[in-house]
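Source file input-v3.cif; content: mmCIF, C-alpha atoms.
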```cif
data_protein
loop_
_atom_site.label_atom_id
_atom_site.label_comp_id
_atom_site.auth_asym_id
_atom_site.auth_seq_id
_atom_site.Cartn_x
_atom_site.Cartn_y
_atom_site.Cartn_z
CA MET S 1491 8.46 -62.40 -115.70
CA PRO S 1492 10.25 -65.56 -114.54
CA LYS S 1493 10.48 -64.42 -110.91
CA LEU S 1494 6.74 -63.95 -110.70
CA ARG S 1495 5.70 -67.22 -112.32
CA ARG S 1496 5.51 -68.87 -108.91
CA TRP S 1497 2.19 -67.07 -108.46
CA LEU S 1498 0.74 -69.24 -111.22
CA ILE S 1499 0.98 -72.31 -109.00
CA SER S 1500 -0.55 -70.56 -105.98
CA PRO S 1501 -4.33 -70.43 -105.42
CA TRP S 1502 -4.57 -66.65 -105.00
CA PRO S 1503 -4.84 -65.49 -108.63
CA TYR S 1504 -7.53 -68.08 -109.28
CA LEU S 1505 -9.45 -67.30 -106.10
CA GLY S 1506 -9.32 -63.63 -107.05
CA GLY S 1507 -10.71 -64.51 -110.47
CA ILE S 1508 -13.54 -66.51 -108.90
CA VAL S 1509 -14.44 -63.60 -106.61
CA ALA S 1510 -14.38 -61.17 -109.55
CA LEU S 1511 -16.58 -63.51 -111.59
CA GLY S 1512 -19.01 -63.81 -108.70
CA VAL S 1513 -19.28 -60.04 -108.35
CA PHE S 1514 -19.82 -59.65 -112.09
CA SER S 1515 -22.14 -62.65 -112.50
CA PRO S 1516 -25.44 -60.71 -112.08
CA VAL S 1517 -24.53 -58.72 -115.21
CA ILE S 1518 -23.91 -61.95 -117.11
CA PHE S 1519 -27.15 -63.58 -115.93
CA TRP S 1520 -29.21 -60.47 -116.77
CA ASN S 1521 -27.73 -60.27 -120.26
CA ALA S 1522 -28.29 -63.98 -120.83
CA ASP S 1523 -32.01 -63.36 -120.21
CA HIS S 1524 -32.11 -60.23 -122.41
CA HIS S 1525 -30.36 -61.21 -125.63
CA TRP S 1526 -26.96 -59.89 -124.41
CA VAL S 1527 -28.18 -56.40 -125.25
CA SER S 1528 -25.83 -54.38 -123.02
CA PHE S 1529 -22.78 -56.39 -124.14
CA ILE S 1530 -23.72 -55.80 -127.77
CA LYS S 1531 -24.20 -52.08 -127.12
CA GLN S 1532 -20.87 -51.62 -125.34
CA ILE S 1533 -18.92 -53.67 -127.86
CA GLY S 1534 -20.54 -51.59 -130.59
CA ARG S 1535 -18.86 -48.50 -129.13
CA ALA S 1536 -15.50 -49.89 -130.26
CA ARG S 1537 -16.25 -49.47 -133.95
CA ILE S 1538 -14.02 -47.03 -135.81
CA ALA S 1539 -16.00 -43.91 -136.66
CA ASP S 1540 -13.11 -41.70 -137.68
CA PHE S 1541 -9.37 -41.79 -137.06
CA ARG S 1542 -8.35 -38.39 -135.77
CA PRO S 1543 -5.12 -38.13 -133.73
CA ALA S 1544 -6.22 -34.57 -132.93
CA PHE S 1545 -8.51 -36.10 -130.30
CA ILE S 1546 -5.35 -36.74 -128.25
CA SER S 1547 -4.78 -32.99 -127.99
CA GLU S 1548 -8.12 -32.84 -126.19
CA LEU S 1549 -7.34 -35.88 -124.07
CA ILE S 1550 -4.19 -34.67 -122.29
CA PRO S 1551 -5.62 -31.41 -120.85
CA THR S 1552 -8.81 -33.13 -119.70
CA GLN S 1553 -6.88 -35.89 -117.90
CA ILE S 1554 -4.66 -33.30 -116.19
CA ALA S 1555 -7.80 -31.50 -115.07
CA PHE S 1556 -9.51 -34.70 -113.92
CA ALA S 1557 -6.52 -35.78 -111.83
CA THR S 1558 -5.81 -32.16 -110.81
CA PRO S 1559 -2.46 -30.81 -112.10
CA LEU S 1560 -0.28 -31.55 -109.07
CA VAL S 1561 -1.57 -35.10 -108.62
CA PHE S 1562 -1.05 -35.65 -112.35
CA ILE S 1563 2.60 -34.59 -111.97
CA LEU S 1564 3.05 -36.99 -109.05
CA GLY S 1565 1.41 -39.81 -110.99
CA ALA S 1566 3.63 -39.26 -114.01
CA MET S 1567 6.72 -39.16 -111.79
CA GLY S 1568 5.58 -42.32 -110.02
CA LEU S 1569 5.12 -44.20 -113.29
CA TYR S 1570 8.56 -43.03 -114.37
CA ALA S 1571 10.06 -44.29 -111.11
CA LEU S 1572 8.33 -47.65 -111.47
CA LEU S 1573 9.48 -48.02 -115.07
CA ARG S 1574 13.05 -47.15 -114.11
CA ARG S 1575 12.92 -49.56 -111.13
CA LYS S 1576 13.64 -46.78 -108.69
CA ALA S 1577 10.93 -47.79 -106.24
CA GLY S 1578 8.78 -50.68 -105.12
CA ALA S 1579 9.08 -54.44 -105.16
CA LEU S 1580 9.13 -56.26 -108.47
CA ALA S 1581 5.60 -57.61 -108.05
CA ALA S 1582 4.21 -54.18 -107.14
CA ARG S 1583 5.97 -52.50 -110.06
CA THR S 1584 4.69 -55.10 -112.48
CA LEU S 1585 1.12 -54.86 -111.23
CA ILE S 1586 0.96 -51.05 -111.52
CA LYS S 1587 2.59 -51.06 -114.95
CA ARG S 1588 0.27 -53.77 -116.24
CA CYS S 1589 -2.79 -51.97 -114.86
CA SER S 1590 -1.86 -48.60 -116.33
CA GLY S 1591 0.32 -48.97 -119.43
CA PRO S 1592 -1.84 -51.21 -121.66
CA SER S 1593 -5.01 -49.40 -120.57
CA TRP S 1594 -3.55 -46.01 -121.50
CA CYS S 1595 -2.55 -47.34 -124.93
CA ILE S 1596 -5.92 -48.99 -125.64
CA LEU S 1597 -8.01 -46.08 -124.42
CA SER S 1598 -5.84 -43.56 -126.26
CA GLY S 1599 -6.31 -45.57 -129.43
CA ILE S 1600 -10.08 -45.57 -128.92
CA ARG S 1601 -9.90 -41.84 -128.31
CA CYS S 1602 -8.20 -41.39 -131.69
CA MET S 1603 -11.00 -43.30 -133.40
CA ARG S 1604 -13.93 -41.48 -131.84
CA ALA S 1605 -14.60 -38.50 -129.62
CA SER S 1606 -15.28 -40.62 -126.54
CA ARG S 1607 -15.80 -39.05 -123.16
CA PRO S 1608 -12.66 -38.40 -121.11
CA THR S 1609 -14.23 -40.26 -118.18
CA GLY S 1610 -13.56 -43.43 -120.19
CA PHE S 1611 -10.11 -43.45 -118.60
CA ALA S 1612 -11.58 -44.09 -115.14
CA PRO S 1613 -10.23 -47.69 -115.01
CA VAL S 1614 -6.69 -46.26 -115.06
CA TYR S 1615 -7.19 -43.85 -112.16
CA PRO S 1616 -6.66 -46.28 -109.22
CA ALA S 1617 -3.29 -47.45 -110.56
CA PHE S 1618 -2.35 -43.86 -111.40
CA ALA S 1619 -3.20 -42.75 -107.85
CA ILE S 1620 -0.97 -45.51 -106.46
CA ALA S 1621 1.83 -44.36 -108.75
CA ALA S 1622 1.40 -40.84 -107.35
CA ALA S 1623 1.73 -42.24 -103.84
CA VAL S 1624 4.89 -44.08 -104.90
CA ALA S 1625 6.39 -40.80 -106.10
CA ALA S 1626 5.45 -39.01 -102.91
CA ASN S 1627 6.43 -41.60 -100.32
CA ILE S 1628 8.92 -44.29 -101.31
CA THR S 1629 10.95 -42.99 -104.24
CA GLN S 1630 14.38 -41.51 -103.57
CA TRP S 1631 14.74 -38.45 -105.78
CA ASP S 1632 17.59 -36.08 -106.51
CA VAL S 1633 17.40 -32.60 -105.02
CA ARG S 1634 15.51 -30.84 -107.81
CA PRO S 1635 12.87 -33.55 -108.44
CA GLN S 1636 12.43 -33.86 -104.68
CA ARG S 1637 11.55 -30.16 -104.50
CA VAL S 1638 8.90 -30.72 -107.16
CA VAL S 1639 7.50 -33.68 -105.22
CA ASP S 1640 7.45 -31.75 -101.95
CA PHE S 1641 5.64 -28.85 -103.61
CA CYS S 1642 3.05 -31.15 -105.17
CA VAL S 1643 2.47 -33.05 -101.93
CA ARG S 1644 2.05 -29.83 -99.94
CA TRP S 1645 -0.34 -28.13 -102.35
CA SER S 1646 -2.17 -30.99 -104.07
CA SER S 1647 -5.03 -31.12 -101.56
CA PRO S 1648 -5.65 -27.33 -101.43
CA VAL S 1649 -5.45 -27.08 -105.23
CA GLY S 1650 -7.77 -30.06 -105.64
CA ILE S 1651 -10.31 -28.58 -103.23
CA LEU S 1652 -10.12 -25.23 -105.00
CA ILE S 1653 -10.64 -26.82 -108.43
CA PHE S 1654 -13.58 -28.83 -107.09
CA ALA S 1655 -15.16 -25.71 -105.59
CA LEU S 1656 -14.69 -23.77 -108.83
CA LEU S 1657 -16.22 -26.64 -110.80
CA ILE S 1658 -19.29 -26.64 -108.54
CA VAL S 1659 -19.65 -22.87 -108.92
CA GLN S 1660 -19.25 -23.07 -112.70
CA ALA S 1661 -21.62 -26.01 -113.18
CA ASN S 1662 -24.36 -24.36 -111.16
CA THR S 1663 -23.98 -20.75 -112.23
CA GLY S 1664 -21.79 -20.47 -115.34
CA VAL S 1665 -20.29 -17.28 -113.92
CA LEU S 1666 -16.67 -18.30 -114.61
CA SER S 1667 -17.33 -18.52 -118.35
CA ALA S 1668 -19.43 -15.35 -118.38
CA TYR S 1669 -22.56 -17.53 -118.65
CA ARG S 1670 -21.51 -19.06 -121.96
CA ARG S 1671 -22.15 -22.70 -122.80
CA ASP S 1672 -19.51 -25.19 -121.64
CA ALA S 1673 -19.09 -28.93 -121.26
CA THR S 1674 -20.88 -29.09 -117.90
CA VAL S 1675 -24.28 -27.74 -118.85
CA ARG S 1676 -25.87 -30.86 -120.35
CA SER S 1677 -24.39 -33.41 -117.96
CA VAL S 1678 -25.62 -31.94 -114.67
CA GLY S 1679 -29.09 -31.29 -113.31
CA VAL S 1680 -28.90 -27.51 -113.32
CA GLY S 1681 -32.27 -25.99 -114.19
CA TRP S 1682 -34.24 -29.24 -113.98
CA ARG S 1683 -36.01 -28.40 -110.72
CA ALA S 1684 -37.48 -25.19 -112.15
CA LEU S 1685 -38.23 -26.82 -115.50
CA ALA S 1686 -39.99 -29.77 -113.84
CA SER S 1687 -42.12 -27.36 -111.84
CA GLU S 1688 -43.24 -25.66 -115.07
CA ILE S 1689 -43.89 -29.03 -116.73
CA GLU S 1690 -46.00 -30.14 -113.78
CA ALA S 1691 -48.06 -26.96 -114.03
CA VAL S 1692 -48.71 -27.64 -117.72
CA ARG S 1693 -49.53 -31.29 -117.01
CA ALA S 1694 -52.07 -30.32 -114.38
CA ARG S 1695 -53.57 -27.62 -116.63
CA VAL S 1696 -54.15 -29.94 -119.60
CA GLY S 1697 -55.17 -32.92 -117.46
CA ALA S 1698 -52.48 -35.34 -118.70
CA SER S 1699 -52.31 -38.58 -116.74
CA CYS S 1700 -48.72 -39.45 -117.69
CA VAL S 1701 -45.58 -37.72 -118.93
CA LEU S 1702 -43.70 -39.35 -121.81
CA ALA S 1703 -40.14 -38.64 -122.96
CA PRO S 1704 -38.10 -40.05 -125.87
CA ASP S 1705 -34.82 -40.72 -124.06
CA TYR S 1706 -33.70 -42.13 -120.75
CA GLY S 1707 -31.89 -38.96 -119.65
CA THR S 1708 -34.98 -36.77 -119.85
CA THR S 1709 -37.09 -39.56 -118.34
CA GLY S 1710 -34.70 -39.94 -115.42
CA TRP S 1711 -34.52 -36.22 -114.62
CA LEU S 1712 -38.30 -35.85 -114.80
CA ALA S 1713 -38.89 -38.92 -112.63
CA PHE S 1714 -36.59 -37.38 -110.02
CA TYR S 1715 -37.90 -33.81 -110.05
CA LEU S 1716 -41.62 -34.19 -110.78
CA PRO S 1717 -43.84 -34.74 -107.71
CA PRO S 1718 -43.63 -38.25 -106.19
CA GLY S 1719 -46.13 -40.61 -107.74
CA THR S 1720 -46.26 -38.78 -111.08
CA CYS S 1721 -46.43 -41.20 -114.01
CA VAL S 1722 -43.24 -40.72 -116.06
CA ALA S 1723 -42.12 -43.14 -118.78
CA GLN S 1724 -39.79 -43.38 -121.75
CA GLN S 1725 -41.91 -43.99 -124.83
CA SER S 1726 -39.20 -45.91 -126.72
CA GLN S 1727 -36.30 -48.26 -125.88
CA ARG S 1728 -38.32 -50.07 -123.24
CA ILE S 1729 -35.44 -52.50 -122.73
CA ARG S 1730 -33.90 -49.83 -120.49
CA TRP S 1731 -36.81 -50.12 -118.05
CA VAL S 1732 -37.42 -53.83 -118.16
CA ASN S 1733 -36.77 -54.23 -114.43
CA MET S 1734 -39.21 -51.48 -113.42
CA PRO S 1735 -42.99 -51.82 -113.18
CA GLU S 1736 -44.82 -50.28 -116.10
CA PRO S 1737 -47.46 -47.58 -115.64
CA ASP S 1738 -51.03 -48.66 -115.06
CA PRO S 1739 -52.80 -49.08 -118.44
CA ALA S 1740 -55.42 -46.58 -117.27
CA GLN S 1741 -52.72 -43.91 -116.99
CA LEU S 1742 -51.81 -44.44 -120.66
CA SER S 1743 -55.35 -44.47 -122.02
CA GLY S 1744 -56.17 -40.78 -121.65
CA LYS S 1745 -54.33 -37.55 -122.31
CA LEU S 1746 -50.52 -37.77 -122.28
CA LEU S 1747 -47.88 -35.07 -122.17
CA TYR S 1748 -44.93 -35.70 -124.48
CA VAL S 1749 -41.75 -33.80 -123.51
CA ASP S 1750 -38.90 -33.55 -125.98
CA GLU S 1751 -36.15 -31.15 -127.00
CA ALA S 1752 -37.10 -28.69 -129.72
CA ARG S 1753 -35.88 -30.16 -133.00
CA PRO S 1754 -35.76 -28.76 -136.56
CA GLY S 1755 -38.80 -30.05 -138.38
CA GLY S 1756 -40.65 -30.87 -135.19
CA ARG S 1757 -41.69 -34.43 -134.30
CA PRO S 1758 -43.65 -35.86 -137.26
CA ASN S 1759 -43.46 -39.32 -135.69
CA LEU S 1760 -45.99 -38.21 -133.08
CA ASN S 1761 -48.64 -37.80 -135.77
CA GLU S 1762 -47.97 -41.37 -136.83
CA MET S 1763 -48.47 -42.64 -133.27
CA PHE S 1764 -51.39 -40.51 -132.02
CA ALA S 1765 -54.62 -39.24 -133.59
CA ARG S 1766 -54.39 -35.96 -131.70
CA VAL S 1767 -51.19 -33.97 -131.26
CA GLU S 1768 -51.29 -30.41 -129.94
CA GLN S 1769 -48.33 -28.31 -128.84
CA VAL S 1770 -49.26 -26.79 -125.50
CA ALA S 1771 -46.02 -25.18 -124.29
CA GLU S 1772 -42.39 -24.44 -125.04
CA LEU S 1773 -40.16 -24.26 -121.97
CA LYS S 1774 -36.48 -23.61 -121.40
CA ARG S 1775 -33.97 -25.21 -119.05
CA MET S 1776 -31.84 -22.35 -117.83
CA ARG S 1777 -28.55 -21.77 -116.05
CA GLY S 1778 -28.66 -18.14 -115.11
CA PRO S 1779 -29.29 -16.23 -118.36
CA LEU S 1780 -28.07 -19.15 -120.50
CA THR S 1781 -30.63 -21.36 -122.22
CA ILE S 1782 -29.29 -24.90 -121.92
CA GLU S 1783 -32.10 -26.61 -123.82
CA THR S 1784 -35.54 -25.74 -125.13
CA TYR S 1785 -38.28 -28.31 -124.64
CA VAL S 1786 -41.54 -28.63 -126.56
CA LEU S 1787 -44.53 -30.07 -124.72
CA ASP S 1788 -47.18 -31.80 -126.83
CA LEU S 1789 -50.52 -33.01 -125.60
CA VAL S 1790 -51.12 -36.37 -127.30
CA GLU S 1791 -54.23 -38.51 -127.21
CA ASP S 1792 -55.86 -41.53 -128.87
CA ALA S 1793 -52.87 -43.75 -129.64
CA LYS S 1794 -53.16 -45.45 -133.02
CA GLY S 1795 -51.52 -48.52 -131.55
CA GLU S 1796 -49.71 -49.25 -128.32
CA VAL S 1797 -48.41 -46.14 -126.56
CA PHE S 1798 -44.97 -47.64 -126.01
CA ASP S 1799 -42.67 -48.43 -128.90
CA ARG S 1800 -41.69 -52.03 -128.23
CA SER S 1801 -39.70 -52.54 -131.41
CA THR S 1802 -36.41 -54.40 -131.27
CA PRO S 1803 -33.60 -52.31 -129.75
CA PRO S 1804 -31.24 -51.02 -132.44
CA GLU S 1805 -28.39 -52.96 -130.82
CA LEU S 1806 -30.17 -56.23 -131.68
CA GLU S 1807 -31.15 -55.39 -135.24
#
```

Using structure tokens, write down the structure from this file.
Amino acid sequence: MPKLRRWLISPWPYLGGIVALGVFSPVIFWNADHHWVSFIKQIGRARIADFRPAFISELIPTQIAFATPLVFILGAMGLYALLRRKAGALAARTLIKRCSGPSWCILSGIRCMRASRPTGFAPVYPAFAIAAAVAANITQWDVRPQRVVDFCVRWSSPVGILIFALLIVQANTGVLSAYRRDATVRSVGVGWRALASEIEAVRARVGASCVLAPDYGTTGWLAFYLPPGTCVAQQSQRIRWVNMPEPDPAQLSGKLLYVDEARPGGRPNLNEMFARVEQVAELKRMRGPLTIETYVLDLVEDAKGEVFDRSTPPELE
């Protein structure tokens, strides 16, 4: 806008850019030393898998829930006020609109192309929260909209706290959905403490010197919940652990315990990697009476090559 072009001849936008670049520079330097692997992976997420506008029907309820309903109403009213020039200085209105509008459009488009996680809209939340504050504090409303604003302001915190408490109860117990599976069960650590205790008992019984897992999620949970000092490593995608010290070679030379989700057809790749493969346990991660995941534990020994798969990450192929 013409009135805001004076900022282009001031030092502040450029100093802000320099600070932002400085904060982000470690990511750039790390990628420069590692074939730009994380940039390639994230850019690869933008490919069009399937165009399904129906994904938007899932998006709106989840964003209302993430913001909490009353804060979402305030945010929507605040954006409306900013668009209609009912509140705020020109520069403030422009900043909030530029930070929220294009992002909503781009992320909604991505949502139509693939079933991305609703948390992908996190970059929009700060501007949306400011818009909610604009609606609540500096916008002059007519009588009826003002009643809506007053109601939302009064009850937004209690409702938000209640929703948060219910989410904690549901994620940890499943009681609100009658113990049926829901979106929270795989993304939180419910059941891992008990499962890790059972895995440790099996590891000690079979005399395995290290626990292997095929993915970084399982590896991370086991590293957290198994006893301190236990050797835990992801067998593949070693690029994820390049900044961490590798296990002592002696820990990888004996018996190893391979932990993976139960899969149809088993894990024939283990027979290609190890001379001895023996299933020693099948354990469940539970939330109350609900089985979240079933894990198969294989005792593996005598690697036919290197224990770790150091092949090129799929992002670089």

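With distances restricted to all atoms listed in the file, S:Val1732 is the closest residue to Asn1521 (chain S) from S:Val1732, S:Leu1742, S:Leu1789, S:Ala1673.
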
Explicit residues for the PyMOL selection byres ((chain S and resi 1774-1781) around 9) (as a ChimeraX atom specification): /S:1661-1665,1669-1671,1675,1680-1682,1684-1685,1772-1773,1782-1786

Record the distance separating CA of Asp1523 (chain S) and CA of Asp1738 (chain S), expressed in Å with one decimal.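 Spanning CA of Asp1523 (chain S) to CA of Asp1738 (chain S) is a straight-line distance of 24.6 Å.
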
Between CA of Arg1575 (chain S) and CA of Ala1621 (chain S), what is the distance in Å, rounded to a tenth?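 Those two atoms sit 12.5 Å apart.
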
Separation of CA of Pro1648 (chain S) from CA of Ala1582 (chain S), in Å and rounded to one decimal: 29.2 Å

Measuring atom to atom with only C-alpha atoms, identify which of S:Pro1559, S:Pro1492, S:Pro1704, S:Gly1679 is nearest to Gly1650 (chain S).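 Looking at the shortest contact to Gly1650 (chain S), the residue is S:Pro1559.
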
With a distance cut-off of 10 Å and only C-alpha atoms, select the neighbouring residues of Tyr1706 (chain S), excluding the residue or stretch itself and same-chain residues fewer than 5 positions from it, and output the selection as a tab-separated table (two decimals) with C-alpha atoms, in the frame of the given file.
```
chain	number	residue	atom	x	y	z
S	1711	TRP	CA	-34.52	-36.22	-114.62
S	1712	LEU	CA	-38.30	-35.85	-114.80
S	1723	ALA	CA	-42.12	-43.14	-118.78
S	1724	GLN	CA	-39.79	-43.38	-121.75
S	1725	GLN	CA	-41.91	-43.99	-124.83
S	1726	SER	CA	-39.20	-45.91	-126.72
S	1727	GLN	CA	-36.30	-48.26	-125.88
S	1728	ARG	CA	-38.32	-50.07	-123.24
S	1730	ARG	CA	-33.90	-49.83	-120.49
S	1731	TRP	CA	-36.81	-50.12	-118.05
```

Measuring atom to atom with all atoms listed in the file, identify which of S:Val1722, S:Leu1498, S:Ala1625, S:Cys1700 is nearest to Met1734 (chain S).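 Selected residue with least distance to Met1734 (chain S): S:Val1722.
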
Could you list the residues chosen by the PyMOL selection byres ((chain S and resi 1746) around 6) in this structure as an MDAnalysis selection string? chainID S and resid 1698:1701 1745 1747 1789:1790

Nearest to Gly1568 (chain S), chosen from S:Phe1519, S:Ala1555, S:Leu1511, S:Ile1620, with all atoms listed in the file counted in the distances: S:Ile1620

Would you mind telling me which residue in S:His1525, S:Lys1794, S:Arg1695, S:Arg1683 lies nearest to Val1770 (chain S) when using all atoms listed in the file?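 Under the stated criterion, the closest residue is S:Arg1695.
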
Show me the residues close to (-7.3, -33.6, -109.1) - anything with an atom within 10 Å, counting only C-alpha atoms - and format the list as a list in words. Gln1553, Ile1554, Ala1555, Phe1556, Ala1557, Thr1558, Pro1559, Leu1560, Val1561, Phe1562, Ser1646, Ser1647, Val1649, Gly1650, Ile1651, Leu1652, Ile1653 and Phe1654 of chain S

For the residues in that selection, give me C-alpha atoms as a CSV table (one decimal), in the frame of the given file.
```
chain,number,residue,atom,x,y,z
S,1553,GLN,CA,-6.9,-35.9,-117.9
S,1554,ILE,CA,-4.7,-33.3,-116.2
S,1555,ALA,CA,-7.8,-31.5,-115.1
S,1556,PHE,CA,-9.5,-34.7,-113.9
S,1557,ALA,CA,-6.5,-35.8,-111.8
S,1558,THR,CA,-5.8,-32.2,-110.8
S,1559,PRO,CA,-2.5,-30.8,-112.1
S,1560,LEU,CA,-0.3,-31.6,-109.1
S,1561,VAL,CA,-1.6,-35.1,-108.6
S,1562,PHE,CA,-1.0,-35.6,-112.4
S,1646,SER,CA,-2.2,-31.0,-104.1
S,1647,SER,CA,-5.0,-31.1,-101.6
S,1649,VAL,CA,-5.4,-27.1,-105.2
S,1650,GLY,CA,-7.8,-30.1,-105.6
S,1651,ILE,CA,-10.3,-28.6,-103.2
S,1652,LEU,CA,-10.1,-25.2,-105.0
S,1653,ILE,CA,-10.6,-26.8,-108.4
S,1654,PHE,CA,-13.6,-28.8,-107.1
```

Could you pull the residues within 12 Å of Arg1757 (chain S), counting all atoms listed in the file, minus those fewer than 2 positions along the same chain, as a PyMOL selection string? chain S and resi 1704+1748-1755+1759-1764+1767-1769+1785-1788+1790

Compile the contact shell of Val1639 (chain S) as an NGL selection string: residues with an atom at most 9 Å away, counting all atoms listed in the file, same-chain residues fewer than 2 positions apart removed. :S and (1560 or 1563-1564 or 1567 or 1625-1626 or 1631 or 1634-1637 or 1641-1644)

Take the residues that were just selected and, keeping C-alpha atoms, output them as a compact mmCIF listing (two decimals), keeping the file's coordinate frame.
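Full text of part11.txt as output:
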```txt
# COMPACT_ATOMS: atom_id res chain seq x y z
CA LEU S 1560 -0.28 -31.55 -109.07
CA ILE S 1563 2.60 -34.59 -111.97
CA LEU S 1564 3.05 -36.99 -109.05
CA MET S 1567 6.72 -39.16 -111.79
CA ALA S 1625 6.39 -40.80 -106.10
CA ALA S 1626 5.45 -39.01 -102.91
CA TRP S 1631 14.74 -38.45 -105.78
CA ARG S 1634 15.51 -30.84 -107.81
CA PRO S 1635 12.87 -33.55 -108.44
CA GLN S 1636 12.43 -33.86 -104.68
CA ARG S 1637 11.55 -30.16 -104.50
CA PHE S 1641 5.64 -28.85 -103.61
CA CYS S 1642 3.05 -31.15 -105.17
CA VAL S 1643 2.47 -33.05 -101.93
CA ARG S 1644 2.05 -29.83 -99.94
```

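Neighbourhood of point (-42.6, -36.4, -113.0): residues with an atom at most 10 Å away, counting only C-alpha atoms, are Ala1686, Ser1687, Ile1689, Glu1690, Arg1693, Cys1700, Val1701, Leu1702, Thr1709, Gly1710, Trp1711, Leu1712, Ala1713, Phe1714, Tyr1715, Leu1716, Pro1717, Pro1718, Gly1719, Thr1720, Cys1721, Val1722 and Ala1723 of chain S.
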
Expected file content for region 1606-1664 of chain S, C-alpha atoms, as a PDB file, in the first residue's frame:
```pdb
ATOM      1  CA  SER S1606      -2.200 -33.341   6.224  1.00  0.00           C
ATOM      2  CA  ARG S1607      -2.316 -32.933   9.960  1.00  0.00           C
ATOM      3  CA  PRO S1608      -4.464 -30.070  11.265  1.00  0.00           C
ATOM      4  CA  THR S1609      -1.496 -28.839  13.312  1.00  0.00           C
ATOM      5  CA  GLY S1610      -0.038 -27.656   9.992  1.00  0.00           C
ATOM      6  CA  PHE S1611      -1.995 -24.444  10.523  1.00  0.00           C
ATOM      7  CA  ALA S1612       0.127 -23.524  13.557  1.00  0.00           C
ATOM      8  CA  PRO S1613       1.866 -20.618  11.714  1.00  0.00           C
ATOM      9  CA  VAL S1614      -1.520 -18.878  11.480  1.00  0.00           C
ATOM     10  CA  TYR S1615      -2.359 -19.113  15.182  1.00  0.00           C
ATOM     11  CA  PRO S1616      -0.369 -16.087  16.480  1.00  0.00           C
ATOM     12  CA  ALA S1617      -2.014 -13.711  13.992  1.00  0.00           C
ATOM     13  CA  PHE S1618      -5.400 -15.311  14.675  1.00  0.00           C
ATOM     14  CA  ALA S1619      -4.938 -14.812  18.428  1.00  0.00           C
ATOM     15  CA  ILE S1620      -4.144 -11.132  17.843  1.00  0.00           C
ATOM     16  CA  ALA S1621      -7.277 -10.826  15.727  1.00  0.00           C
ATOM     17  CA  ALA S1622      -9.265 -12.310  18.631  1.00  0.00           C
ATOM     18  CA  ALA S1623      -7.773  -9.682  20.932  1.00  0.00           C
ATOM     19  CA  VAL S1624      -8.743  -6.983  18.435  1.00  0.00           C
ATOM     20  CA  ALA S1625     -12.348  -8.184  18.528  1.00  0.00           C
ATOM     21  CA  ALA S1626     -12.387  -8.288  22.307  1.00  0.00           C
ATOM     22  CA  ASN S1627     -10.646  -5.012  23.121  1.00  0.00           C
ATOM     23  CA  ILE S1628     -10.542  -2.308  20.460  1.00  0.00           C
ATOM     24  CA  THR S1629     -13.406  -2.926  18.054  1.00  0.00           C
ATOM     25  CA  GLN S1630     -16.617  -0.936  18.482  1.00  0.00           C
ATOM     26  CA  TRP S1631     -19.509  -3.327  17.883  1.00  0.00           C
ATOM     27  CA  ASP S1632     -23.251  -2.870  17.653  1.00  0.00           C
ATOM     28  CA  VAL S1633     -25.344  -4.114  20.554  1.00  0.00           C
ATOM     29  CA  ARG S1634     -25.927  -7.698  19.406  1.00  0.00           C
ATOM     30  CA  PRO S1635     -22.345  -8.459  18.264  1.00  0.00           C
ATOM     31  CA  GLN S1636     -21.078  -6.836  21.467  1.00  0.00           C
ATOM     32  CA  ARG S1637     -23.133  -9.305  23.499  1.00  0.00           C
ATOM     33  CA  VAL S1638     -21.509 -12.152  21.598  1.00  0.00           C
ATOM     34  CA  VAL S1639     -18.054 -10.691  22.248  1.00  0.00           C
ATOM     35  CA  ASP S1640     -18.767 -10.181  25.949  1.00  0.00           C
ATOM     36  CA  PHE S1641     -19.999 -13.762  26.272  1.00  0.00           C
ATOM     37  CA  CYS S1642     -16.932 -15.153  24.501  1.00  0.00           C
ATOM     38  CA  VAL S1643     -14.534 -13.038  26.565  1.00  0.00           C
ATOM     39  CA  ARG S1644     -16.185 -14.082  29.832  1.00  0.00           C
ATOM     40  CA  TRP S1645     -16.308 -17.797  29.104  1.00  0.00           C
ATOM     41  CA  SER S1646     -13.374 -18.420  26.761  1.00  0.00           C
ATOM     42  CA  SER S1647     -10.896 -19.209  29.539  1.00  0.00           C
ATOM     43  CA  PRO S1648     -13.198 -21.558  31.518  1.00  0.00           C
ATOM     44  CA  VAL S1649     -14.263 -23.336  28.322  1.00  0.00           C
ATOM     45  CA  GLY S1650     -10.654 -23.634  27.170  1.00  0.00           C
ATOM     46  CA  ILE S1651      -9.566 -25.066  30.516  1.00  0.00           C
ATOM     47  CA  LEU S1652     -12.463 -27.518  30.474  1.00  0.00           C
ATOM     48  CA  ILE S1653     -11.655 -28.681  26.926  1.00  0.00           C
ATOM     49  CA  PHE S1654      -7.989 -29.091  27.869  1.00  0.00           C
ATOM     50  CA  ALA S1655      -8.905 -31.134  30.946  1.00  0.00           C
ATOM     51  CA  LEU S1656     -11.263 -33.338  28.929  1.00  0.00           C
ATOM     52  CA  LEU S1657      -8.558 -33.859  26.301  1.00  0.00           C
ATOM     53  CA  ILE S1658      -6.082 -34.976  28.972  1.00  0.00           C
ATOM     54  CA  VAL S1659      -8.644 -37.374  30.443  1.00  0.00           C
ATOM     55  CA  GLN S1660      -9.519 -38.768  27.009  1.00  0.00           C
ATOM     56  CA  ALA S1661      -5.921 -39.151  25.829  1.00  0.00           C
ATOM     57  CA  ASN S1662      -4.898 -41.001  28.966  1.00  0.00           C
ATOM     58  CA  THR S1663      -7.970 -43.122  29.598  1.00  0.00           C
ATOM     59  CA  GLY S1664     -10.241 -43.176  26.527  1.00  0.00           C
TER      60      GLY S1664
END
```
